[in-house]
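Undergrad: Below is the structure I would like to discuss, written out as structure tokens.
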Amino acid sequence: MTDARLPGRWLMDPAIRALGADHWTVFSWALMWSAEQGTDGRIPRHMLPLLHPNGATVADAEALVSVGLWEADGDDYRVRHWERTQSLAADVEHQRERNRLKQQAHRQRARERDGVTGYVTGESHRRGEAEARPGPARTSGENAGTTRVGARASRPWRESPDERFRRLNALAEELDAEPSAAPITDWPVRDVPA
């Protein structure tokens, strides 16, 4: 996921403060568009209409050039000093590749730890979840003398709506059968001095 950053120092930057709402929208949307597309601040002229709800024009781009936030780049425009506040496309791609390799290694470790069976049979590879399903208790591999039973093993894994209704109705009847406190009318009343 990419992001465009708005540094706090821009709050006092005279060029930023001189922008009107429309030009600020064009400028900030250009940051987001360029970060997402990986153009390192280059804004093609044909993309200007996407940078404002009412469509940005060449006049809007020239206004940003005149205050020094953009510069002309042939027929296109470029956000000046992109690398000072935003991530370069090469850095973003490098981080994506690192994340991909990290995730791949994590999945490989999970496969080696859990074996292939969980993936083939559809059982969860998360620890403890398979033990929570109903059925006989299983012994753990290396400690054959110990038995693991999940906390939810006593209740059905999934209840049908009818089963749940019956269970909740029985619980409500049990609560109704318990003795309750005396009605309020039977409570002693004390006289309060006036």
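Residue numbering restarts at 1 for every chain of the structure tokens, chains are lettered A, B, ... in their displayed order, and ligands are numbered from 1 as they appear.
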Tell me, as a VMD selection string, which residues lie within 9 Å of Asp3 of chain A, counting only C-alpha atoms; anything in the same chain fewer than 2 positions away does not count.

TA: chain A and resid 1 5 31 to 32 35 to 36 86 to 87

Undergrad: So that I can check the surroundings of Ser66 of chain A, please list as a list in words every protein, DNA and RNA residue that reaches within 12 Å of it, counting only C-alpha atoms and ignoring chain neighbours fewer than 6 positions away.

TA: Ala15, Ile16, Ala18, Leu19, His23, Ala59, Asp60, Ala72 and Arg80 of chain A

Undergrad: Write out as a count of residues only the residues lying within 12 Å of segment 42-54 of chain A, counting only C-alpha atoms and excluding same-chain residues fewer than 2 positions away.

TA: 43

Undergrad: Suppose you want the space between atom CA of Glu97 of chain A and atom CA of Thr2 of chain A; what is it in Å?

TA: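 Separation between atom CA of Glu97 of chain A and atom CA of Thr2 of chain A: 13.6 Å.
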
Undergrad: Report, in Å to a single decimal, how far apart atom CA of Ala63 of chain A and atom CA of Asp13 of chain A are.

TA: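 Atom-to-atom, atom CA of Asp13 of chain A to atom CA of Ala63 of chain A, that is 16.2 Å.
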
Undergrad: DSSP on the backbone: what in segment 31-116 of chain A comes out alpha helix (DSSP H), as number ranges by chain?

TA: A: 31-37, 58-66, 82-85, 89-114

Undergrad: Write down as a list in words the residues belonging to segment 2-80 of chain A that are assigned strand (DSSP E or B) by DSSP computed on the backbone.

TA: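 Strand (DSSP E or B) members of segment 2-80 of chain A, listed: Arg42, Ile43, Trp70, Glu71, Ala72, Asp73, Asp76, Tyr77, Arg78 and Val79 of chain A.
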
Undergrad: Generate the output file for the selected residues, all heavy atoms, as a PDB file, in the first residue's frame.

TA:
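Wrote it out as again.pdb, contents follow:
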```
ATOM      1  N   ARG A  42       5.934  12.896 -11.152  1.00  0.00           N
ATOM      2  CA  ARG A  42       5.633  13.310 -12.521  1.00  0.00           C
ATOM      3  C   ARG A  42       4.126  13.184 -12.759  1.00  0.00           C
ATOM      4  O   ARG A  42       3.531  12.149 -12.515  1.00  0.00           O
ATOM      5  CB  ARG A  42       6.380  12.433 -13.526  1.00  0.00           C
ATOM      6  CG  ARG A  42       6.286  12.947 -14.940  1.00  0.00           C
ATOM      7  CD  ARG A  42       7.134  12.088 -15.883  1.00  0.00           C
ATOM      8  NE  ARG A  42       6.443  11.961 -17.152  1.00  0.00           N
ATOM      9  CZ  ARG A  42       5.466  11.092 -17.421  1.00  0.00           C
ATOM     10  NH1 ARG A  42       5.063  10.247 -16.527  1.00  0.00           N
ATOM     11  NH2 ARG A  42       4.901  11.075 -18.604  1.00  0.00           N
ATOM     12  N   ILE A  43       3.536  14.278 -13.232  1.00  0.00           N
ATOM     13  CA  ILE A  43       2.097  14.336 -13.496  1.00  0.00           C
ATOM     14  C   ILE A  43       1.889  14.575 -14.992  1.00  0.00           C
ATOM     15  O   ILE A  43       2.140  15.683 -15.488  1.00  0.00           O
ATOM     16  CB  ILE A  43       1.419  15.486 -12.703  1.00  0.00           C
ATOM     17  CG1 ILE A  43       1.812  15.455 -11.222  1.00  0.00           C
ATOM     18  CG2 ILE A  43      -0.091  15.458 -12.901  1.00  0.00           C
ATOM     19  CD1 ILE A  43       1.332  14.261 -10.470  1.00  0.00           C
ATOM     20  N   TRP A  70       5.268  22.962  -8.243  1.00  0.00           N
ATOM     21  CA  TRP A  70       5.457  22.105  -9.404  1.00  0.00           C
ATOM     22  C   TRP A  70       6.451  22.773 -10.331  1.00  0.00           C
ATOM     23  O   TRP A  70       6.724  23.971 -10.226  1.00  0.00           O
ATOM     24  CB  TRP A  70       4.143  21.913 -10.164  1.00  0.00           C
ATOM     25  CG  TRP A  70       3.165  20.963  -9.537  1.00  0.00           C
ATOM     26  CD1 TRP A  70       3.208  20.412  -8.306  1.00  0.00           C
ATOM     27  CD2 TRP A  70       1.975  20.492 -10.157  1.00  0.00           C
ATOM     28  NE1 TRP A  70       2.120  19.615  -8.104  1.00  0.00           N
ATOM     29  CE2 TRP A  70       1.331  19.644  -9.230  1.00  0.00           C
ATOM     30  CE3 TRP A  70       1.362  20.689 -11.385  1.00  0.00           C
ATOM     31  CZ2 TRP A  70       0.144  18.993  -9.492  1.00  0.00           C
ATOM     32  CZ3 TRP A  70       0.177  20.039 -11.641  1.00  0.00           C
ATOM     33  CH2 TRP A  70      -0.429  19.199 -10.712  1.00  0.00           C
ATOM     34  N   GLU A  71       6.963  21.988 -11.282  1.00  0.00           N
ATOM     35  CA  GLU A  71       7.796  22.531 -12.354  1.00  0.00           C
ATOM     36  C   GLU A  71       7.363  21.884 -13.658  1.00  0.00           C
ATOM     37  O   GLU A  71       6.839  20.777 -13.664  1.00  0.00           O
ATOM     38  CB  GLU A  71       9.278  22.291 -12.080  1.00  0.00           C
ATOM     39  CG  GLU A  71       9.659  20.838 -11.925  1.00  0.00           C
ATOM     40  CD  GLU A  71      11.068  20.642 -11.401  1.00  0.00           C
ATOM     41  OE1 GLU A  71      11.692  21.620 -10.975  1.00  0.00           O
ATOM     42  OE2 GLU A  71      11.527  19.496 -11.423  1.00  0.00           O
ATOM     43  N   ALA A  72       7.560  22.612 -14.738  1.00  0.00           N
ATOM     44  CA  ALA A  72       7.224  22.069 -16.053  1.00  0.00           C
ATOM     45  C   ALA A  72       8.242  20.992 -16.403  1.00  0.00           C
ATOM     46  O   ALA A  72       9.427  21.123 -16.122  1.00  0.00           O
ATOM     47  CB  ALA A  72       7.226  23.177 -17.096  1.00  0.00           C
ATOM     48  N   ASP A  73       7.741  19.912 -17.013  1.00  0.00           N
ATOM     49  CA  ASP A  73       8.591  18.792 -17.408  1.00  0.00           C
ATOM     50  C   ASP A  73       8.176  18.409 -18.819  1.00  0.00           C
ATOM     51  O   ASP A  73       7.409  17.464 -19.010  1.00  0.00           O
ATOM     52  CB  ASP A  73       8.405  17.641 -16.421  1.00  0.00           C
ATOM     53  CG  ASP A  73       9.343  16.467 -16.710  1.00  0.00           C
ATOM     54  OD1 ASP A  73      10.293  16.628 -17.503  1.00  0.00           O
ATOM     55  OD2 ASP A  73       9.108  15.384 -16.145  1.00  0.00           O
ATOM     56  N   ASP A  76       4.483  17.792 -19.584  1.00  0.00           N
ATOM     57  CA  ASP A  76       3.918  17.333 -18.315  1.00  0.00           C
ATOM     58  C   ASP A  76       4.392  18.237 -17.180  1.00  0.00           C
ATOM     59  O   ASP A  76       5.026  19.270 -17.402  1.00  0.00           O
ATOM     60  CB  ASP A  76       4.333  15.884 -18.066  1.00  0.00           C
ATOM     61  CG  ASP A  76       3.841  14.938 -19.154  1.00  0.00           C
ATOM     62  OD1 ASP A  76       2.773  15.211 -19.734  1.00  0.00           O
ATOM     63  OD2 ASP A  76       4.521  13.937 -19.419  1.00  0.00           O
ATOM     64  N   TYR A  77       4.103  17.823 -15.967  1.00  0.00           N
ATOM     65  CA  TYR A  77       4.509  18.575 -14.782  1.00  0.00           C
ATOM     66  C   TYR A  77       5.168  17.622 -13.803  1.00  0.00           C
ATOM     67  O   TYR A  77       5.008  16.412 -13.875  1.00  0.00           O
ATOM     68  CB  TYR A  77       3.288  19.241 -14.126  1.00  0.00           C
ATOM     69  CG  TYR A  77       2.639  20.239 -15.046  1.00  0.00           C
ATOM     70  CD1 TYR A  77       1.580  19.872 -15.858  1.00  0.00           C
ATOM     71  CD2 TYR A  77       3.118  21.537 -15.136  1.00  0.00           C
ATOM     72  CE1 TYR A  77       1.003  20.779 -16.729  1.00  0.00           C
ATOM     73  CE2 TYR A  77       2.547  22.459 -15.999  1.00  0.00           C
ATOM     74  CZ  TYR A  77       1.491  22.070 -16.797  1.00  0.00           C
ATOM     75  OH  TYR A  77       0.930  22.969 -17.659  1.00  0.00           O
ATOM     76  N   ARG A  78       5.916  18.173 -12.866  1.00  0.00           N
ATOM     77  CA  ARG A  78       6.597  17.374 -11.855  1.00  0.00           C
ATOM     78  C   ARG A  78       6.488  18.114 -10.523  1.00  0.00           C
ATOM     79  O   ARG A  78       6.690  19.320 -10.457  1.00  0.00           O
ATOM     80  CB  ARG A  78       8.062  17.183 -12.224  1.00  0.00           C
ATOM     81  CG  ARG A  78       8.822  16.335 -11.232  1.00  0.00           C
ATOM     82  CD  ARG A  78      10.229  16.020 -11.708  1.00  0.00           C
ATOM     83  NE  ARG A  78      10.245  15.259 -12.942  1.00  0.00           N
ATOM     84  CZ  ARG A  78      10.053  13.938 -13.044  1.00  0.00           C
ATOM     85  NH1 ARG A  78       9.805  13.247 -11.965  1.00  0.00           N
ATOM     86  NH2 ARG A  78      10.108  13.346 -14.206  1.00  0.00           N
ATOM     87  N   VAL A  79       6.168  17.354  -9.463  1.00  0.00           N
ATOM     88  CA  VAL A  79       6.157  17.923  -8.118  1.00  0.00           C
ATOM     89  C   VAL A  79       7.610  18.172  -7.733  1.00  0.00           C
ATOM     90  O   VAL A  79       8.436  17.255  -7.770  1.00  0.00           O
ATOM     91  CB  VAL A  79       5.480  16.963  -7.118  1.00  0.00           C
ATOM     92  CG1 VAL A  79       5.532  17.527  -5.708  1.00  0.00           C
ATOM     93  CG2 VAL A  79       4.042  16.671  -7.528  1.00  0.00           C
TER      94      VAL A  79
END
```

Undergrad: Please measure the separation of atom CA of Arg84 of chain A and atom CA of Pro7 of chain A, giving the value in Å to one decimal.

TA: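 Rounded to one decimal, the two atoms are 10.0 Å apart.
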